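Participant: Before we start, here is the structure in question, set down as structure tokens.
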Amino acid sequence: MPAAELEGRFCILVDDIVDAAGTLCNAAAALCEAGAAGVVAYVTHGVLSGGAVARVEGSALTELVITDSIGNHESIGASGKIRHLPIAPLLGEAIKRIADETSVSSLFD
């Protein structure tokens, strides 16, 4: 997308895993420099090693949303930008439906 088309738009980044968060934060910065009004990232697995939490805190990201698939949420601390979503209920229900031979896809209707 040309930079002119980003002007004033709210952008969403989606990824499977974030470890050090450098690439994610750089992408958010590039989008904001191109005129994006804000950037949120949704990531399945938030490893957040090393200085990742501080990097996210100091980044152009409005918010980073991760699941609790990796149990390191004490590293998030009092972060104002990182939010984690529990996925155990969803996984449990999917496993139950598979065992019961009922629809898993209807979970997402």
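Following the order of the structure tokens, first chain is A, next is B, and so on, with residues numbered from 1 inside each chain and ligands from 1 in the order they appear.
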Neighbours of Ser75 of chain A within 12 Å (only C-alpha atoms; same-chain residues fewer than 6 positions away dropped), as an MDAnalysis selection string?
Facilitator: chainID A and resid 46:54 82:84
Participant: Write the selection just made, keeping N, CA, C and O atoms, as a PDB file, in the first residue's frame?
Facilitator:
```pdb
ATOM      1  N   GLY A  46       3.219 -15.005  22.503  1.00  0.00           N
ATOM      2  CA  GLY A  46       4.051 -13.909  22.980  1.00  0.00           C
ATOM      3  C   GLY A  46       5.202 -14.403  23.827  1.00  0.00           C
ATOM      4  O   GLY A  46       5.074 -14.522  25.047  1.00  0.00           O
ATOM      5  N   VAL A  47       6.336 -14.693  23.206  1.00  0.00           N
ATOM      6  CA  VAL A  47       7.517 -15.141  23.935  1.00  0.00           C
ATOM      7  C   VAL A  47       8.060 -13.978  24.779  1.00  0.00           C
ATOM      8  O   VAL A  47       8.356 -14.136  25.955  1.00  0.00           O
ATOM      9  N   LEU A  48       8.218 -12.831  24.160  1.00  0.00           N
ATOM     10  CA  LEU A  48       8.653 -11.591  24.820  1.00  0.00           C
ATOM     11  C   LEU A  48       9.921 -11.780  25.650  1.00  0.00           C
ATOM     12  O   LEU A  48       9.956 -11.525  26.846  1.00  0.00           O
ATOM     13  N   SER A  49      10.983 -12.215  24.981  1.00  0.00           N
ATOM     14  CA  SER A  49      12.250 -12.442  25.671  1.00  0.00           C
ATOM     15  C   SER A  49      13.083 -11.169  25.741  1.00  0.00           C
ATOM     16  O   SER A  49      12.842 -10.202  25.021  1.00  0.00           O
ATOM     17  N   GLY A  50      14.069 -11.205  26.634  1.00  0.00           N
ATOM     18  CA  GLY A  50      14.993 -10.089  26.768  1.00  0.00           C
ATOM     19  C   GLY A  50      14.284  -8.781  27.066  1.00  0.00           C
ATOM     20  O   GLY A  50      13.459  -8.701  27.961  1.00  0.00           O
ATOM     21  N   GLY A  51      14.571  -7.777  26.287  1.00  0.00           N
ATOM     22  CA  GLY A  51      13.984  -6.451  26.489  1.00  0.00           C
ATOM     23  C   GLY A  51      12.726  -6.200  25.695  1.00  0.00           C
ATOM     24  O   GLY A  51      12.374  -5.047  25.439  1.00  0.00           O
ATOM     25  N   ALA A  52      12.031  -7.257  25.300  1.00  0.00           N
ATOM     26  CA  ALA A  52      10.852  -7.101  24.438  1.00  0.00           C
ATOM     27  C   ALA A  52       9.765  -6.243  25.067  1.00  0.00           C
ATOM     28  O   ALA A  52       9.167  -5.406  24.393  1.00  0.00           O
ATOM     29  N   VAL A  53       9.493  -6.446  26.351  1.00  0.00           N
ATOM     30  CA  VAL A  53       8.423  -5.677  26.999  1.00  0.00           C
ATOM     31  C   VAL A  53       8.760  -4.192  26.980  1.00  0.00           C
ATOM     32  O   VAL A  53       7.925  -3.357  26.615  1.00  0.00           O
ATOM     33  N   ALA A  54       9.986  -3.843  27.324  1.00  0.00           N
ATOM     34  CA  ALA A  54      10.414  -2.436  27.292  1.00  0.00           C
ATOM     35  C   ALA A  54      10.376  -1.900  25.868  1.00  0.00           C
ATOM     36  O   ALA A  54       9.996  -0.743  25.642  1.00  0.00           O
ATOM     37  N   ILE A  82       0.535  -4.034  26.699  1.00  0.00           N
ATOM     38  CA  ILE A  82       0.419  -5.463  26.394  1.00  0.00           C
ATOM     39  C   ILE A  82      -0.764  -6.060  27.147  1.00  0.00           C
ATOM     40  O   ILE A  82      -0.888  -5.897  28.352  1.00  0.00           O
ATOM     41  N   ARG A  83      -1.613  -6.741  26.383  1.00  0.00           N
ATOM     42  CA  ARG A  83      -2.784  -7.404  26.967  1.00  0.00           C
ATOM     43  C   ARG A  83      -2.757  -8.856  26.531  1.00  0.00           C
ATOM     44  O   ARG A  83      -2.465  -9.157  25.378  1.00  0.00           O
ATOM     45  N   HIS A  84      -3.054  -9.758  27.463  1.00  0.00           N
ATOM     46  CA  HIS A  84      -3.091 -11.165  27.066  1.00  0.00           C
ATOM     47  C   HIS A  84      -4.505 -11.714  27.219  1.00  0.00           C
ATOM     48  O   HIS A  84      -5.239 -11.336  28.113  1.00  0.00           O
TER      49      HIS A  84
END
```
Participant: Determine which residues of segment 17-71 of chain A DSSP labels as strand (DSSP E) from the backbone of this structure, then write them out as a VMD selection string.
Facilitator: chain A and resid 17 to 18 38 to 46 63 to 67
Participant: Go through A:Cys11, A:Ile17, A:Val43, A:Val65 one by one, measure the shortest atom-to-atom distance of each to Leu31 of chain A using only C-alpha atoms, and give the residue with the smallest value.
Facilitator: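 Residue with the minimum atom-to-atom distance to Leu31 of chain A: A:Cys11.
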Participant: Can you pull out the residues contacting Gly22 of chain A? Cut-off 10 Å, using only C-alpha atoms, and skip same-chain residues under 5 positions away; I want them as a ChimeraX atom specification.
Facilitator: /A:27-28,51-52,55-56,59
Participant: Would you put the residues from that selection into a file with N, CA, C and O atoms, as a CSV table (one decimal), in the first residue's frame?
Facilitator:
```csv
chain,number,residue,atom,x,y,z
A,27,ALA,N,8.0,-2.4,12.3
A,27,ALA,CA,6.9,-2.3,11.4
A,27,ALA,C,5.9,-1.2,11.9
A,27,ALA,O,5.4,-0.5,11.1
A,28,ALA,N,5.6,-1.2,13.2
A,28,ALA,CA,4.7,-0.2,13.7
A,28,ALA,C,5.2,1.2,13.5
A,28,ALA,O,4.5,2.1,13.1
A,51,GLY,N,14.6,-7.8,26.3
A,51,GLY,CA,14.0,-6.5,26.5
A,51,GLY,C,12.7,-6.2,25.7
A,51,GLY,O,12.4,-5.0,25.4
A,52,ALA,N,12.0,-7.3,25.3
A,52,ALA,CA,10.9,-7.1,24.4
A,52,ALA,C,9.8,-6.2,25.1
A,52,ALA,O,9.2,-5.4,24.4
A,55,ARG,N,10.8,-2.7,24.9
A,55,ARG,CA,10.7,-2.3,23.5
A,55,ARG,C,9.3,-2.0,23.1
A,55,ARG,O,9.1,-1.0,22.4
A,56,VAL,N,8.4,-2.8,23.4
A,56,VAL,CA,6.9,-2.6,23.1
A,56,VAL,C,6.5,-1.3,23.8
A,56,VAL,O,5.8,-0.5,23.2
A,59,SER,N,7.5,1.7,22.0
A,59,SER,CA,7.2,1.7,20.5
A,59,SER,C,6.0,2.5,20.1
A,59,SER,O,5.3,3.1,21.0
```
Participant: According to DSSP computed on the backbone, where in chain A is there helix (DSSP H, G or I)? Give the residues as a ChimeraX atom specification.
Facilitator: /A:3-6,22-33,52-57,73-75,88-100,105-108
Participant: Nearest residue to Pro86 of chain A out of A:Ala30, A:Val14, A:Ile66, A:Val40, using only C-alpha atoms?
Facilitator: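 Comparing A:Ala30, A:Val14, A:Ile66, A:Val40 against Pro86 of chain A, the winner is A:Ile66.
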Participant: Any idea what's packed within 7 Å of Gly38 of chain A, counting only C-alpha atoms, ignoring anything in its chain fewer than 5 positions away? Could you give it as a PyMOL selection string?
Facilitator: chain A and resi 10-11+32+62
Participant: Excluding Ala4 of chain A and any residue of its chain fewer than 4 positions from it, enumerate the residues within 10 Å of it, using only C-alpha atoms, and give them as an MDAnalysis selection string.
Facilitator: chainID A and resid 8 34:36
Participant: May I ask for the distance between atom CA of Leu24 of chain A and atom CA of Glu57 of chain A, given in Å to one decimal place?
Facilitator: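 It comes out at 12.2 Å.
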Participant: Residues at most 12 Å from Val104 of chain A, counting only C-alpha atoms, excluding those fewer than 2 positions away in the same chain, as a list in words?
Facilitator: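 Contacts, with the query itself left out: Leu90, Leu91, Gly92, Glu93, Ala94, Ile95, Lys96, Arg97, Ile98, Ala99, Asp100, Glu101, Thr102, Ser106, Leu107, Phe108 and Asp109 of chain A.
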Participant: Could you turn the residues from that selection into a file that holds N, CA and C atoms, as a CSV table (one decimal), in the first residue's frame?
Facilitator:
```
chain,number,residue,atom,x,y,z
A,90,LEU,N,-11.3,-21.9,25.0
A,90,LEU,CA,-11.5,-22.2,23.6
A,90,LEU,C,-10.9,-23.6,23.2
A,91,LEU,N,-9.7,-23.8,23.6
A,91,LEU,CA,-9.0,-25.1,23.3
A,91,LEU,C,-9.8,-26.2,24.0
A,92,GLY,N,-10.2,-26.0,25.2
A,92,GLY,CA,-10.9,-27.1,25.9
A,92,GLY,C,-12.2,-27.5,25.2
A,93,GLU,N,-12.9,-26.4,24.8
A,93,GLU,CA,-14.2,-26.7,24.1
A,93,GLU,C,-14.0,-27.4,22.8
A,94,ALA,N,-12.9,-27.0,22.1
A,94,ALA,CA,-12.6,-27.6,20.8
A,94,ALA,C,-12.3,-29.1,21.0
A,95,ILE,N,-11.5,-29.4,22.0
A,95,ILE,CA,-11.1,-30.8,22.3
A,95,ILE,C,-12.4,-31.6,22.6
A,96,LYS,N,-13.2,-31.0,23.5
A,96,LYS,CA,-14.5,-31.7,23.8
A,96,LYS,C,-15.3,-32.0,22.6
A,97,ARG,N,-15.5,-31.0,21.7
A,97,ARG,CA,-16.3,-31.2,20.5
A,97,ARG,C,-15.7,-32.2,19.6
A,98,ILE,N,-14.4,-32.3,19.5
A,98,ILE,CA,-13.8,-33.3,18.7
A,98,ILE,C,-14.1,-34.7,19.3
A,99,ALA,N,-13.9,-34.8,20.6
A,99,ALA,CA,-14.2,-36.1,21.3
A,99,ALA,C,-15.7,-36.5,21.2
A,100,ASP,N,-16.6,-35.5,21.2
A,100,ASP,CA,-18.0,-35.7,21.1
A,100,ASP,C,-18.5,-35.9,19.6
A,101,GLU,N,-17.6,-35.6,18.7
A,101,GLU,CA,-17.8,-35.6,17.3
A,101,GLU,C,-18.9,-34.6,16.9
A,102,THR,N,-18.8,-33.4,17.5
A,102,THR,CA,-19.7,-32.3,17.2
A,102,THR,C,-18.9,-31.2,16.5
A,106,SER,N,-18.4,-24.4,14.4
A,106,SER,CA,-19.5,-23.6,14.9
A,106,SER,C,-19.1,-22.7,16.1
A,107,LEU,N,-17.9,-23.0,16.7
A,107,LEU,CA,-17.3,-22.2,17.7
A,107,LEU,C,-17.1,-20.8,17.2
A,108,PHE,N,-16.9,-20.7,15.9
A,108,PHE,CA,-16.5,-19.4,15.3
A,108,PHE,C,-17.6,-18.7,14.5
A,109,ASP,N,-18.8,-19.2,14.7
A,109,ASP,CA,-20.0,-18.6,14.0
A,109,ASP,C,-20.4,-17.3,14.7
```
Participant: Considering only C-alpha atoms, state which residue in the set A:Ile76, A:Ile87, A:Cys25, A:Val18 is at the smallest distance from Gly58 of chain A.
Facilitator: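 Result for the nearest residue to Gly58 of chain A: A:Cys25.
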Participant: Please list as a PyMOL selection string every residue within 8 Å of Asp15 of chain A, counting only C-alpha atoms and excluding residues in the same chain fewer than 6 positions away.
Facilitator: chain A and resi 41-44
Participant: For the selection you just gave me, I'd like the residues written to a file as a short mmCIF file (atom, residue, chain, number, x, y, z; two decimals), in the first residue's frame, keeping N, CA and C atoms.
Facilitator:
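Once written, part36.cif looks like this:
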```cif
data_model
loop_
_atom_site.label_atom_id
_atom_site.label_comp_id
_atom_site.auth_asym_id
_atom_site.auth_seq_id
_atom_site.Cartn_x
_atom_site.Cartn_y
_atom_site.Cartn_z
N ALA A 41 -1.16 -4.67 17.33
CA ALA A 41 -0.67 -5.97 16.86
C ALA A 41 -1.36 -7.08 17.64
N TYR A 42 -1.75 -8.13 16.93
CA TYR A 42 -2.35 -9.32 17.51
C TYR A 42 -1.43 -10.49 17.20
N VAL A 43 -0.93 -11.16 18.24
CA VAL A 43 0.05 -12.23 18.07
C VAL A 43 -0.38 -13.45 18.89
N THR A 44 -0.29 -14.62 18.29
CA THR A 44 -0.71 -15.84 18.97
C THR A 44 0.20 -16.18 20.15
#
```
Participant: What separation in Å, quoted to one decimal, exists between atom CA of Ala78 of chain A and atom CA of Asn26 of chain A?
Facilitator: 22.5 Å
Participant: Which distance in Å separates atom CA of Ile12 of chain A and atom CA of Thr67 of chain A, to one decimal?
Facilitator: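 Computing the Euclidean distance for atom CA of Ile12 of chain A and atom CA of Thr67 of chain A yields 16.1 Å.
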